[in-house]
Each structure stands twice: as structure tokens, then as C-alpha cells.
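Structure data (mmCIF, C-alpha atoms and all ligand atoms) from query_33.cif:
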data_target
loop_
_atom_site.label_atom_id
_atom_site.label_comp_id
_atom_site.auth_asym_id
_atom_site.auth_seq_id
_atom_site.Cartn_x
_atom_site.Cartn_y
_atom_site.Cartn_z
CA MET A 1 31.18 13.16 3.20
CA LYS A 2 30.02 12.88 -0.40
CA VAL A 3 26.46 11.63 -0.90
CA SER A 4 25.53 10.12 -4.27
CA GLN A 5 23.20 12.21 -6.45
CA ARG A 6 20.84 9.26 -6.43
CA CYS A 7 20.42 9.31 -2.65
CA ALA A 8 20.64 13.07 -2.31
CA SER A 9 17.57 13.39 -4.55
CA LEU A 10 15.38 11.30 -2.20
CA THR A 11 12.92 13.29 -0.10
CA PRO A 12 12.70 12.75 3.64
CA SER A 13 9.28 11.67 4.86
CA LEU A 14 7.01 14.71 4.92
CA THR A 15 5.20 13.30 7.89
CA LEU A 16 8.25 12.67 10.07
CA ALA A 17 7.97 15.92 12.05
CA LEU A 18 4.29 15.31 12.71
CA THR A 19 4.84 11.72 13.85
CA ALA A 20 7.62 12.92 16.17
CA LYS A 21 5.25 15.54 17.59
CA ALA A 22 2.52 12.93 18.20
CA LYS A 23 5.08 10.76 19.96
CA ALA A 24 6.24 13.65 22.12
CA LEU A 25 2.66 14.52 23.11
CA ARG A 26 2.01 10.87 23.97
CA ALA A 27 5.17 10.82 26.10
CA GLN A 28 3.80 13.84 27.97
CA GLY A 29 0.84 11.65 28.92
CA LEU A 30 -1.66 13.13 26.45
CA ASP A 31 -4.27 10.69 25.23
CA ILE A 32 -3.79 10.99 21.45
CA MET A 33 -6.39 9.31 19.21
CA SER A 34 -4.15 7.84 16.56
CA PHE A 35 -5.31 7.32 12.97
CA GLU A 36 -1.85 7.17 11.45
CA ALA A 37 -1.12 3.46 11.40
CA GLY A 38 -0.46 1.78 8.06
CA GLU A 39 -0.79 -1.66 9.60
CA PRO A 40 -3.48 -3.90 11.08
CA ASP A 41 -3.88 -3.60 14.86
CA PHE A 42 -4.48 -7.38 15.06
CA ASP A 43 -1.71 -9.73 16.15
CA THR A 44 -0.38 -12.35 13.72
CA PRO A 45 -2.49 -15.52 14.18
CA GLU A 46 -1.01 -17.96 16.70
CA PHE A 47 -0.57 -20.90 14.29
CA ILE A 48 1.63 -18.76 12.05
CA LYS A 49 3.78 -17.58 14.95
CA GLN A 50 4.05 -21.16 16.19
CA ALA A 51 5.58 -22.34 12.91
CA ALA A 52 8.35 -19.74 13.16
CA VAL A 53 9.06 -20.62 16.80
CA GLU A 54 9.30 -24.32 15.89
CA ASP A 55 11.63 -23.63 12.97
CA LEU A 56 13.87 -21.42 15.05
CA LYS A 57 14.09 -24.10 17.72
CA ALA A 58 14.70 -26.79 15.11
CA GLY A 59 17.72 -24.87 13.87
CA ARG A 60 16.32 -23.73 10.53
CA THR A 61 18.70 -20.83 10.71
CA LYS A 62 20.83 -21.21 7.58
CA TYR A 63 20.68 -19.61 4.13
CA THR A 64 18.11 -20.76 1.60
CA GLY A 65 17.97 -19.97 -2.13
CA ALA A 66 18.24 -16.18 -2.52
CA SER A 67 14.71 -15.80 -3.96
CA GLY A 68 13.23 -17.95 -1.15
CA GLY A 69 13.27 -21.66 -0.31
CA PRO A 70 11.12 -24.14 -2.27
CA GLU A 71 8.37 -24.27 0.38
CA ILE A 72 7.54 -20.55 0.36
CA ILE A 73 7.89 -20.29 -3.43
CA GLU A 74 5.46 -23.20 -3.80
CA ALA A 75 3.05 -21.49 -1.37
CA VAL A 76 3.09 -18.37 -3.56
CA ARG A 77 2.35 -20.56 -6.58
CA VAL A 78 -0.62 -22.04 -4.69
CA ALA A 79 -1.87 -18.55 -3.75
CA LEU A 80 -1.53 -17.34 -7.36
CA LYS A 81 -3.61 -20.27 -8.54
CA ARG A 82 -6.23 -19.94 -5.80
CA ASP A 83 -6.57 -16.13 -5.67
CA TYR A 84 -5.93 -15.24 -9.32
CA GLY A 85 -6.43 -18.51 -11.21
CA LEU A 86 -2.95 -17.99 -12.70
CA GLU A 87 -0.16 -20.54 -13.20
CA TYR A 88 3.42 -19.41 -12.63
CA GLU A 89 6.64 -21.39 -12.58
CA ALA A 90 8.91 -21.21 -9.53
CA SER A 91 11.47 -19.26 -11.58
CA GLN A 92 8.90 -16.48 -12.07
CA ILE A 93 8.53 -15.80 -8.33
CA ILE A 94 10.71 -13.97 -5.79
CA VAL A 95 10.04 -13.63 -2.07
CA SER A 96 11.55 -10.41 -0.71
CA VAL A 97 11.82 -8.36 2.47
CA GLY A 98 8.26 -7.00 2.23
CA GLY A 99 6.26 -5.76 -0.72
CA LYS A 100 8.33 -2.59 -0.41
CA HIS A 101 11.47 -4.54 -1.26
CA SER A 102 9.66 -6.35 -4.10
CA LEU A 103 8.76 -2.96 -5.58
CA TYR A 104 12.32 -1.73 -5.11
CA ASN A 105 13.55 -4.74 -7.09
CA VAL A 106 10.99 -4.04 -9.81
CA PHE A 107 12.00 -0.40 -10.31
CA GLN A 108 15.71 -1.26 -10.21
CA ALA A 109 15.21 -3.92 -12.88
CA LEU A 110 12.92 -1.87 -15.16
CA VAL A 111 14.14 1.69 -15.01
CA ASP A 112 17.18 3.26 -16.65
CA SER A 113 18.32 6.81 -16.01
CA GLY A 114 15.66 9.23 -17.29
CA ASP A 115 12.98 6.60 -17.88
CA GLU A 116 9.47 7.57 -16.80
CA VAL A 117 7.07 5.59 -14.65
CA ILE A 118 3.44 6.70 -14.55
CA VAL A 119 2.15 7.04 -10.99
CA PRO A 120 -1.53 7.92 -10.54
CA SER A 121 -1.93 10.37 -7.64
CA PRO A 122 -2.85 9.98 -4.77
CA TYR A 123 -0.11 7.37 -4.50
CA TRP A 124 1.59 5.25 -1.88
CA LEU A 125 4.40 7.53 -0.86
CA SER A 126 7.34 5.22 -1.55
CA TYR A 127 6.67 4.91 -5.31
CA PRO A 128 8.15 8.28 -6.36
CA ASP A 129 11.25 7.88 -4.23
CA GLN A 130 11.83 4.28 -5.27
CA ILE A 131 11.59 5.40 -8.91
CA LYS A 132 14.05 8.21 -8.21
CA ALA A 133 16.38 5.74 -6.47
CA ALA A 134 16.48 3.93 -9.83
CA GLU A 135 17.32 7.30 -11.49
CA GLY A 136 13.88 7.31 -13.07
CA VAL A 137 11.30 10.06 -13.30
CA PRO A 138 7.93 9.60 -11.59
CA LYS A 139 5.27 10.89 -13.99
CA ILE A 140 2.56 11.90 -11.52
CA VAL A 141 -1.00 11.95 -12.92
CA THR A 142 -3.51 13.76 -10.73
CA CYS A 143 -6.68 11.74 -10.06
CA GLY A 144 -8.76 13.67 -7.51
CA PRO A 145 -11.86 12.71 -5.54
CA GLU A 146 -14.10 13.92 -8.41
CA GLN A 147 -12.83 10.96 -10.48
CA ALA A 148 -12.91 8.55 -7.53
CA PHE A 149 -9.11 8.79 -7.28
CA LYS A 150 -8.62 6.56 -10.35
CA ILE A 151 -6.70 7.16 -13.56
CA SER A 152 -8.88 7.32 -16.68
CA PRO A 153 -7.92 5.73 -20.02
CA ALA A 154 -7.59 9.22 -21.56
CA GLN A 155 -5.23 10.34 -18.79
CA LEU A 156 -3.16 7.21 -19.23
CA GLU A 157 -2.95 7.69 -23.00
CA ALA A 158 -1.88 11.32 -22.53
CA ALA A 159 0.76 10.41 -19.95
CA ILE A 160 2.53 7.81 -22.08
CA GLY A 161 5.57 9.24 -23.84
CA PRO A 162 8.72 7.94 -25.55
CA ARG A 163 10.51 7.42 -22.19
CA THR A 164 7.61 5.67 -20.43
CA VAL A 165 8.59 2.23 -19.20
CA ALA A 166 5.86 1.38 -16.69
CA LEU A 167 2.54 2.18 -15.04
CA VAL A 168 1.94 1.54 -11.34
CA LEU A 169 -1.55 0.36 -10.45
CA ASN A 170 -2.50 0.00 -6.78
CA SER A 171 -5.96 -1.42 -6.10
CA PRO A 172 -7.21 -1.33 -3.38
CA SER A 173 -5.30 1.88 -2.89
CA ASN A 174 -3.30 3.29 -0.06
CA PRO A 175 -4.21 6.09 0.78
CA THR A 176 -7.66 6.36 -0.83
CA GLY A 177 -9.27 2.92 -0.46
CA ALA A 178 -10.28 3.15 -4.14
CA VAL A 179 -10.81 -0.17 -5.93
CA TYR A 180 -10.66 -0.46 -9.74
CA SER A 181 -13.51 -2.46 -11.27
CA ALA A 182 -12.91 -5.10 -13.93
CA ASP A 183 -14.36 -2.74 -16.59
CA GLU A 184 -12.05 0.08 -15.54
CA LEU A 185 -9.02 -2.20 -15.74
CA LEU A 186 -10.12 -3.54 -19.13
CA ALA A 187 -10.32 0.04 -20.42
CA LEU A 188 -6.78 0.74 -19.16
CA ALA A 189 -5.58 -2.53 -20.71
CA ALA A 190 -6.97 -1.39 -24.08
CA VAL A 191 -4.72 1.69 -23.90
CA LEU A 192 -1.70 -0.31 -22.73
CA ARG A 193 -2.12 -2.75 -25.62
CA LYS A 194 -1.19 0.10 -27.99
CA HIS A 195 2.07 0.77 -26.13
CA PRO A 196 4.11 -2.43 -25.90
CA GLN A 197 7.04 -0.69 -24.19
CA VAL A 198 4.97 -0.02 -21.04
CA ALA A 199 5.18 -2.59 -18.24
CA ILE A 200 2.37 -2.89 -15.71
CA ILE A 201 3.19 -3.06 -12.03
CA SER A 202 0.14 -4.28 -10.14
CA ASP A 203 0.54 -3.60 -6.42
CA ASP A 204 -2.06 -5.90 -4.88
CA LEU A 205 -0.98 -5.69 -1.23
CA TYR A 206 -4.57 -5.02 -0.11
CA MET A 207 -6.34 -7.46 -2.44
CA LYS A 208 -7.98 -9.39 0.41
CA LEU A 209 -9.37 -6.26 2.09
CA VAL A 210 -12.24 -5.33 -0.24
CA TYR A 211 -15.78 -4.42 0.89
CA LYS A 212 -19.15 -4.85 -0.77
CA PRO A 213 -20.25 -3.98 -3.35
CA ALA A 214 -16.65 -3.89 -4.64
CA THR A 215 -14.75 -7.00 -5.63
CA PHE A 216 -11.07 -7.39 -6.34
CA ALA A 217 -10.12 -7.39 -10.01
CA SER A 218 -6.64 -7.90 -11.40
CA ILE A 219 -5.29 -6.68 -14.72
CA ALA A 220 -3.03 -9.77 -14.74
CA VAL A 221 -6.17 -11.92 -14.91
CA LEU A 222 -8.23 -9.68 -17.18
CA ALA A 223 -5.54 -9.09 -19.79
CA PRO A 224 -3.60 -12.36 -20.16
CA ASP A 225 -2.19 -11.08 -23.46
CA LEU A 226 -0.25 -8.50 -21.42
CA ALA A 227 1.22 -11.15 -19.09
CA ASP A 228 4.63 -10.82 -20.72
CA ARG A 229 4.86 -7.29 -19.30
CA THR A 230 2.81 -7.51 -16.10
CA ILE A 231 4.38 -7.88 -12.66
CA ILE A 232 2.23 -8.70 -9.65
CA VAL A 233 3.47 -7.45 -6.27
CA ASN A 234 1.80 -8.80 -3.15
CA GLY A 235 2.67 -9.77 0.39
CA TRP A 236 1.81 -10.84 3.87
CA SER A 237 1.75 -7.53 5.75
CA LYS A 238 -1.77 -6.27 5.36
CA ALA A 239 -4.00 -9.34 4.98
CA TYR A 240 -2.25 -11.60 7.50
CA ALA A 241 -1.31 -8.95 10.09
CA MET A 242 2.38 -9.67 9.46
CA THR A 243 3.91 -6.23 8.84
CA GLY A 244 6.94 -6.83 11.07
CA TRP A 245 7.81 -10.16 9.50
CA ARG A 246 8.99 -8.37 6.36
CA LEU A 247 7.75 -10.77 3.75
CA GLY A 248 6.54 -9.87 0.29
CA TRP A 249 6.40 -11.55 -3.09
CA LEU A 250 6.32 -10.77 -6.77
CA ALA A 251 5.55 -12.77 -9.90
CA GLY A 252 6.27 -11.82 -13.48
CA PRO A 253 7.91 -12.63 -16.80
CA LYS A 254 11.00 -14.83 -16.56
CA ASP A 255 13.61 -12.42 -17.96
CA ILE A 256 12.84 -9.54 -15.65
CA VAL A 257 12.39 -11.86 -12.66
CA ARG A 258 15.82 -13.36 -13.38
CA ALA A 259 17.32 -9.85 -13.34
CA MET A 260 15.60 -9.08 -10.04
CA ALA A 261 16.71 -12.41 -8.56
CA ASN A 262 20.30 -11.55 -9.47
CA LEU A 263 19.95 -8.15 -7.82
CA GLN A 264 18.39 -9.63 -4.67
CA SER A 265 21.12 -12.28 -4.50
CA HIS A 266 23.68 -9.48 -4.16
CA ALA A 267 21.57 -7.23 -1.92
CA THR A 268 19.75 -9.19 0.78
CA SER A 269 19.77 -12.88 -0.29
CA ASN A 270 16.84 -14.82 1.15
CA VAL A 271 14.22 -13.54 3.59
CA THR A 272 14.65 -14.83 7.14
CA THR A 273 14.79 -18.60 6.94
CA PHE A 274 12.71 -19.38 10.03
CA CYS A 275 9.94 -17.07 8.77
CA GLN A 276 9.55 -18.93 5.50
CA ARG A 277 7.48 -21.96 6.56
CA ALA A 278 5.27 -19.67 8.67
CA GLY A 279 4.76 -17.46 5.64
CA ALA A 280 3.95 -20.48 3.50
CA LEU A 281 1.44 -21.68 6.07
CA ALA A 282 -0.29 -18.28 6.16
CA LEU A 283 -0.76 -18.42 2.39
CA THR A 284 -1.87 -22.03 2.05
CA SER A 285 -4.03 -22.56 5.16
CA ASP A 286 -7.78 -21.97 5.24
CA GLN A 287 -8.17 -18.22 4.63
CA GLY A 288 -11.16 -17.87 6.97
CA PHE A 289 -9.18 -15.82 9.48
CA VAL A 290 -8.48 -13.22 6.79
CA ASP A 291 -12.23 -12.89 6.21
CA VAL A 292 -12.67 -12.31 9.95
CA PHE A 293 -10.09 -9.48 9.84
CA ALA A 294 -11.78 -8.02 6.74
CA ALA A 295 -15.25 -8.12 8.38
CA LYS A 296 -13.90 -6.22 11.40
CA PHE A 297 -12.27 -3.61 9.16
CA ASP A 298 -15.53 -3.26 7.24
CA ALA A 299 -17.55 -2.47 10.40
CA ARG A 300 -14.96 0.12 11.44
CA ARG A 301 -14.94 1.58 7.93
CA ARG A 302 -18.68 2.25 8.13
CA LEU A 303 -18.32 3.84 11.56
CA LEU A 304 -15.48 6.11 10.43
CA VAL A 305 -16.89 7.12 7.04
CA ASP A 306 -20.38 7.85 8.40
CA GLY A 307 -18.87 9.79 11.29
CA LEU A 308 -16.63 11.86 9.01
CA ASN A 309 -19.52 12.67 6.70
CA ALA A 310 -21.51 13.96 9.69
CA ILE A 311 -18.88 16.63 10.38
CA ALA A 312 -19.42 20.00 8.68
CA GLY A 313 -16.38 20.91 6.59
CA ILE A 314 -15.20 17.29 6.20
CA SER A 315 -16.40 15.28 3.24
CA CYS A 316 -15.86 11.60 2.67
CA ALA A 317 -18.18 11.65 -0.37
CA PHE A 318 -15.90 9.15 -2.05
CA GLU A 319 -16.52 5.91 -0.19
CA PRO A 320 -13.39 3.84 0.36
CA LEU A 321 -14.08 0.23 -0.68
CA GLY A 322 -10.81 -1.44 0.17
CA ALA A 323 -7.67 -1.41 2.35
CA PHE A 324 -8.16 0.25 5.75
CA TYR A 325 -8.00 3.95 5.04
CA ALA A 326 -10.44 6.83 4.62
CA PHE A 327 -9.22 9.86 2.67
CA PRO A 328 -11.69 12.66 3.36
CA ASP A 329 -11.54 16.08 1.74
CA VAL A 330 -11.02 18.70 4.45
CA SER A 331 -10.28 21.61 2.11
CA ALA A 332 -13.59 23.35 2.93
CA LEU A 333 -11.87 24.29 6.20
CA TYR A 334 -8.79 25.79 4.50
CA GLY A 335 -8.51 29.53 4.99
CA ARG A 336 -10.23 29.25 8.38
CA THR A 337 -8.64 29.39 11.84
CA LEU A 338 -8.57 26.17 13.80
CA GLY A 339 -7.09 25.95 17.28
CA GLY A 340 -5.63 29.42 16.87
CA GLN A 341 -3.82 28.48 13.65
CA LYS A 342 -4.74 29.54 10.14
CA VAL A 343 -5.14 26.32 8.19
CA THR A 344 -4.04 26.57 4.56
CA GLY A 345 -3.36 22.95 3.66
CA SER A 346 -3.29 19.36 4.88
CA MET A 347 -0.03 19.80 6.85
CA GLU A 348 -1.49 22.68 8.88
CA PHE A 349 -4.79 20.82 9.27
CA ALA A 350 -2.99 17.75 10.64
CA ALA A 351 -0.81 19.86 12.95
CA ALA A 352 -3.82 21.75 14.32
CA ALA A 353 -5.86 18.55 14.77
CA LEU A 354 -3.01 17.03 16.72
CA GLU A 355 -2.32 20.01 18.93
CA THR A 356 -5.89 21.13 19.54
CA ALA A 357 -7.98 17.96 19.33
CA GLN A 358 -5.26 15.41 20.09
CA VAL A 359 -6.18 13.48 16.96
CA SER A 360 -3.37 12.35 14.66
CA VAL A 361 -4.04 12.02 10.93
CA VAL A 362 -1.64 11.89 7.97
CA PRO A 363 -1.61 14.97 5.68
CA GLY A 364 -2.71 14.13 2.15
CA VAL A 365 0.13 16.17 0.66
CA ALA A 366 2.41 13.24 1.54
CA PHE A 367 0.42 11.18 -0.98
CA GLY A 368 0.16 13.94 -3.58
CA GLU A 369 -3.31 15.31 -2.65
CA ASP A 370 -3.30 18.37 -0.40
CA ARG A 371 -7.10 18.64 -0.14
CA CYS A 372 -7.35 15.44 1.89
CA VAL A 373 -6.02 13.74 5.01
CA ARG A 374 -5.63 10.01 5.60
CA LEU A 375 -7.20 8.23 8.54
CA SER A 376 -6.53 4.55 9.14
CA TYR A 377 -9.36 2.50 10.61
CA ALA A 378 -7.01 -0.28 11.62
CA THR A 379 -7.75 0.79 15.18
CA SER A 380 -10.37 0.10 17.84
CA GLU A 381 -13.99 1.28 17.65
CA LYS A 382 -13.42 3.22 20.85
CA VAL A 383 -10.56 5.20 19.25
CA ILE A 384 -12.72 5.82 16.16
CA GLU A 385 -15.69 7.06 18.22
CA THR A 386 -13.62 9.27 20.51
CA GLY A 387 -11.55 10.58 17.60
CA LEU A 388 -14.68 11.46 15.62
CA ALA A 389 -16.21 13.32 18.57
CA ARG A 390 -13.00 15.32 18.95
CA LEU A 391 -12.76 16.07 15.23
CA LYS A 392 -16.37 17.28 15.19
CA LYS A 393 -15.71 19.73 18.02
CA PHE A 394 -12.47 20.78 16.31
CA ALA A 395 -14.15 21.43 12.93
CA GLU A 396 -17.04 23.28 14.58
CA SER A 397 -14.57 25.60 16.29
CA ALA A 398 -13.42 26.96 12.91
CA SER A 399 -13.62 30.73 12.68
C1 LIG A 401 0.26 0.20 -1.40
C2 LIG A 401 1.36 -0.44 -0.64
N1 LIG A 401 2.25 -1.19 -1.32
C3 LIG A 401 3.27 -1.80 -0.69
C4 LIG A 401 3.43 -1.67 0.68
C5 LIG A 401 4.59 -2.40 1.30
O1 LIG A 401 4.23 -3.18 2.37
P1 LIG A 401 5.23 -4.24 3.00
O2 LIG A 401 6.61 -3.84 2.64
O3 LIG A 401 4.98 -4.20 4.47
O4 LIG A 401 4.85 -5.59 2.39
C6 LIG A 401 2.55 -0.87 1.42
C7 LIG A 401 2.75 -0.65 2.86
O5 LIG A 401 2.27 0.27 3.47
C8 LIG A 401 1.48 -0.26 0.75
O6 LIG A 401 0.57 0.47 1.39
#
Structure encoded using C-alpha cells:
Amino acid sequence: MKVSQRCASLTPSLTLALTAKAKALRAQGLDIMSFEAGEPDFDTPEFIKQAAVEDLKAGRTKYTGASGGPEIIEAVRVALKRDYGLEYEASQIIVSVGGKHSLYNVFQALVDSGDEVIVPSPYWLSYPDQIKAAEGVPKIVTCGPEQAFKISPAQLEAAIGPRTVALVLNSPSNPTGAVYSADELLALAAVLRKHPQVAIISDDLYMKLVYKPATFASIAVLAPDLADRTIIVNGWSKAYAMTGWRLGWLAGPKDIVRAMANLQSHATSNVTTFCQRAGALALTSDQGFVDVFAAKFDARRRLLVDGLNAIAGISCAFEPLGAFYAFPDVSALYGRTLGGQKVTGSMEFAAAALETAQVSVVPGVAFGEDRCVRLSYATSEKVIETGLARLKKFAESAS
């Protein structure tokens, strides 16, 4: 059957084969130490779950407005005011099926065939394919560990061309844990000011998971003069341990939000009705429980980063300061033999670590950086300790 060019150009997940292998080994009874997860290991807090159960029982099972009912839209407005100090009207907000869907809406609304979107690399792996799904061209800008995985103003200036329509900023970053400082964002804003055709997509999914001495900074707050071309994307998944609820939100200029609302009204309509009050409650209740999650992640971060740095051949010299990922450079081991396999890149490293040490990590090549691998510390301290001990033995076995 014919497949559209648009869909045929999408790349299958590079990590699929590896994940399938980890699953198969687990099914064989092998005790795999898993560092792959892109989601908190905590359960959604009880009071949030309770609200959804109540609404389901009360029959709140009908359609709402396609961009979300008034309660959840108001909750996003409250969160924007509290967390950013920004005022938005209800018509500037859309609640979608996860931040992923919000981003999909953004690219569909912004990008015409052949338009370019600047994506600093390492990047969250859905950006390039979502841009391609909008018939756009991802303009990948390499930002390695030597520049703390962040795009510089000079790189941004050089990347902007006549077809550039947007820049994606993701801070804290998946996969690197890098956090842009206010000064760094101000310097990028100074470049963007010269190029009025470039929209700014600020993916803030991990904004509440930031560790000292870093603090969260937002270009939407720092450069209010760019508000007419800045779109904030955020959501519930990472901070509230609500990945499976599929709730995300975006806020931006009225015209583009109207276009996205039209698209969503023909694609998915509203997010699940009986999840909406629960989502609103998560956003508007005392945020103390999020701080508890963040403190736990922080302790695990220290354990993992210190442990990785103690392994010869693995370097986590760049300290992740947000999200729940470490992105160490393992390229010192490339060219060596590990577990009987010659390791030449992050795919081979991950495959050998899985087969020989029963440790699963995500190859950095999936995020555009083949020197590194991603380890999530959204897992127990026991898994981190055991995994580190196994990785140490594995790295020491290199010949
Ligand atoms: C950087 C980033 N943005 C957006 C998302 C989308 O998350 P969700 O669709 O669960 O809200 C993710 C999820 O992994 C992410 O890491």
C-alpha cells in the first residue's frame, strides 16, 4: 500500500532493537539494571488519582471544549502566573495529549514545506521527526560536552538562514541535564531580536527538576519583547509523575494558538475529560510534593554522577543540573574490545553493556551525540549502586 512521503521519511526509533533485547533478556529471568526510563519511577500522588476516580464515577465522561475545559485551562493560567509570573488569556492556552502532542501542534502550525527549525544537539529525539512530519527541515547544531551541551549565540546566528522559522530550546534538557542560565538565554535573545521571522519554542517539561546551584530561567520571562513569537510547552509527565495520563499544555501568541486549536479540534479534540480536574488539581495544589520528588532525584543524581566519574574510561565531567538524566562520555572506550565485541560507537557500547554487564543504557547517537550514552536516575538507589558496580567491572575488562 502507498505510504505518504511525509510518513515514509520518518525514522524508526534507533533504540527499538536494544529495548527489545533488554526485554527479551528480562523475560529469560536475567536481572537487568535498567537506566533507560524516561519517566519518574514514583507513582502519581494519591490525591490526584482520587480526583480522576471521583470524576469517572460522577459521570464526567463527555466531551469538553477541544482545547480543554475551563477548569484545566484556568489551572494552567494559575501555573503560568505562579511559576513564570506571566499573564495569559484562556484563548492563548491549549491542553493536549502530552507535551509531545503540544509540540506536534506547534510544528504543524509553524512549519511549511522546506522551512527550517534549529535544533541544538543533543536533542530530545522526537524533535527532528516531528519537524519532518510537518515537511520541515531540522537544522541540527552540534553542541558537545566541551560547550556544556548548549548552543552559543554565535552558533545560533550562523544557523539562522532565509528559511528559518523557529528555534527549539529545551532547558533542563533531555538527554543531557543541561540548564541554560538567565545570562545565556539573554545572549540568545539578543541574537533572536535581530531575526523577527524566528519563533522560539521553549520546551520546559523539566522546569521543576533543577538542582543547585542551577535555577530555572525562561526566555519567555527574560525577553518579554519576544512574547509575540515565543511558545511555552510544558506538561504534567515529569514533575507530577503523570506520564501515562497524557496531559501537556502550551501557551503562546493568539494567532498561532488559534491555528493549533483548530488543528487539535480536528485531530484529537479534548484530552480525557475525567483527567482534567485531576490535572488542574496537580497544578494548583501546594507544590511541596514536587519538591520531595526533586530532592530524591537530586540525591540519586549525585550517586550516579560520582559513581560514573569513578570509572576509568567513562567521564561525566559535565554535571547534569536538571531533569533526571546523566549523559556521560564513553568514547575513551571506543576502539577497545568489551565483552568480546569491538566497541566503535554508542550503539555497540550499549549492546555490549547490556549483554555482558546486564546494564541497559540508551545510546547517545539516538539524541545526536555518539560519544555519550544516556542513563536515567529515575530509578532506585539499589539499581544505581548495582548498575555502577557492574559498569565498573565492564569498563575495566576493556582490552
Ligand atoms: C524534552 C521533552 N519534551 C517533551 C516530552 C514529552 O513528554 P509528554 O508527552 O509525556 O508530556 C518529553 C518526554 O520524554 C521530553 O523529554
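With atom CA of Asp228 of chain A on one side and atom CA of Phe149 of chain A on the other, the separation reads 27.5 Å.
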Do you know which residues are within 9 Å of ligand LIG 401 (chain A) using only C-alpha atoms and all ligand atoms? Can you write them as a VMD selection string? chain A and resid 38 to 39 96 to 103 123 to 127 170 to 175 203 to 206 233 to 238 242 to 249 323
Store the residues of this selection in a file with C-alpha atoms, as a short mmCIF file (atom, residue, chain, number, x, y, z; two decimals), keeping the file's coordinate frame.
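Below is the file that was written, result_31.cif:
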data_model
loop_
_atom_site.label_atom_id
_atom_site.label_comp_id
_atom_site.auth_asym_id
_atom_site.auth_seq_id
_atom_site.Cartn_x
_atom_site.Cartn_y
_atom_site.Cartn_z
CA GLY A 38 -0.46 1.78 8.06
CA GLU A 39 -0.79 -1.66 9.60
CA SER A 96 11.55 -10.41 -0.71
CA VAL A 97 11.82 -8.36 2.47
CA GLY A 98 8.26 -7.00 2.23
CA GLY A 99 6.26 -5.76 -0.72
CA LYS A 100 8.33 -2.59 -0.41
CA HIS A 101 11.47 -4.54 -1.26
CA SER A 102 9.66 -6.35 -4.10
CA LEU A 103 8.76 -2.96 -5.58
CA TYR A 123 -0.11 7.37 -4.50
CA TRP A 124 1.59 5.25 -1.88
CA LEU A 125 4.40 7.53 -0.86
CA SER A 126 7.34 5.22 -1.55
CA TYR A 127 6.67 4.91 -5.31
CA ASN A 170 -2.50 0.00 -6.78
CA SER A 171 -5.96 -1.42 -6.10
CA PRO A 172 -7.21 -1.33 -3.38
CA SER A 173 -5.30 1.88 -2.89
CA ASN A 174 -3.30 3.29 -0.06
CA PRO A 175 -4.21 6.09 0.78
CA ASP A 203 0.54 -3.60 -6.42
CA ASP A 204 -2.06 -5.90 -4.88
CA LEU A 205 -0.98 -5.69 -1.23
CA TYR A 206 -4.57 -5.02 -0.11
CA VAL A 233 3.47 -7.45 -6.27
CA ASN A 234 1.80 -8.80 -3.15
CA GLY A 235 2.67 -9.77 0.39
CA TRP A 236 1.81 -10.84 3.87
CA SER A 237 1.75 -7.53 5.75
CA LYS A 238 -1.77 -6.27 5.36
CA MET A 242 2.38 -9.67 9.46
CA THR A 243 3.91 -6.23 8.84
CA GLY A 244 6.94 -6.83 11.07
CA TRP A 245 7.81 -10.16 9.50
CA ARG A 246 8.99 -8.37 6.36
CA LEU A 247 7.75 -10.77 3.75
CA GLY A 248 6.54 -9.87 0.29
CA TRP A 249 6.40 -11.55 -3.09
CA ALA A 323 -7.67 -1.41 2.35
#
Work out how far atom CA of Ser360 of chain A is from atom CA of Asp306 of chain A, in Å to one decimal.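 These two atoms are separated by 18.7 Å.
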Using all atoms listed in the file, which protein or nucleic acid residues come within 9 Å of Leu186 of chain A? Drop anything in the same chain fewer than 4 positions from it, and give the result as a list of chain:residue names.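 So, after excluding close chain neighbours, the residues are A:Ser181, A:Ala182, A:Ala190, A:Val191, A:Ile219, A:Leu222, A:Ala223.
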Counting only C-alpha atoms, which residues have an atom no more than 7 Å from (-11.1, 30.3, 19.9) in the file's coordinates? Please list them as a list of chain:residue names. A:Gly339, A:Gly340, A:Ser397
Would you mind exporting C-alpha atoms of the selected residues as an mmCIF file, in the coordinates of the input?
data_model
loop_
_atom_site.group_PDB
_atom_site.id
_atom_site.type_symbol
_atom_site.label_atom_id
_atom_site.label_comp_id
_atom_site.auth_asym_id
_atom_site.auth_seq_id
_atom_site.Cartn_x
_atom_site.Cartn_y
_atom_site.Cartn_z
ATOM 1 C CA GLY A 339 -7.090 25.950 17.280
ATOM 2 C CA GLY A 340 -5.630 29.420 16.870
ATOM 3 C CA SER A 397 -14.570 25.600 16.290
#
Nearest-residue call for Ala90 of chain A, choices A:Thr44, A:Lys382, A:Gly252, A:Ala317, using all atoms listed in the file: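 Going through A:Thr44, A:Lys382, A:Gly252, A:Ala317 one by one, the smallest distance to Ala90 of chain A is for A:Gly252.
Put simply, atom CA of Phe35 of chain A is 21.4 Å away from atom CA of Met207 of chain A.
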Would you list the contacts of segment 346-357 of chain A as a count of residues only, taking every protein, DNA or RNA residue within 10 Å and counting only C-alpha atoms, but skipping same-chain residues closer than 2 positions in sequence? 46
List the spatial neighbours of Val210 of chain A as a PyMOL selection string - criterion: any atom at most 7 Å away, all atoms listed in the file, same-chain residues fewer than 4 positions off excluded. chain A and resi 214-216+321-323
Which residue out of A:Phe318, A:Tyr240, A:Tyr84, A:Tyr325 has the minimum interatomic distance to Phe42 of chain A when all atoms listed in the file are used?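 Using all atoms listed in the file, the shortest distance to Phe42 of chain A belongs to A:Tyr240.
The smallest atom-to-atom distance between Phe327 of chain A and any of A:Asp183, A:Glu71, A:Asp298, A:Glu36, using only C-alpha atoms, is found for A:Glu36.
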Box along x, y and z, 6 Å on every side, all listed atoms of segment 24-37 of chain A inside: centre and edge lengths in Å to one decimal, as AutoDock Vina command-line options.
--center_x -0.1 --center_y 9.0 --center_z 20.2 --size_x 24.6 --size_y 23.1 --size_z 29.5
Tell me which of A:Pro153, A:Asp286, A:Val106, A:Asp129 sits closest to Leu263 of chain A, counting only C-alpha atoms. A:Val106
If I put a ball of radius 9 Å at (-14.6, -7.1, 5.3) in the file's coordinates, which residues poke into it when counting all atoms listed in the file, written as a list in words?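 Taken together, the residues in range are Lys208, Leu209, Val210, Tyr211, Lys212, Val290, Asp291, Val292, Phe293, Ala294, Ala295, Lys296, Phe297, Asp298, Ala299 and Gly322 of chain A.
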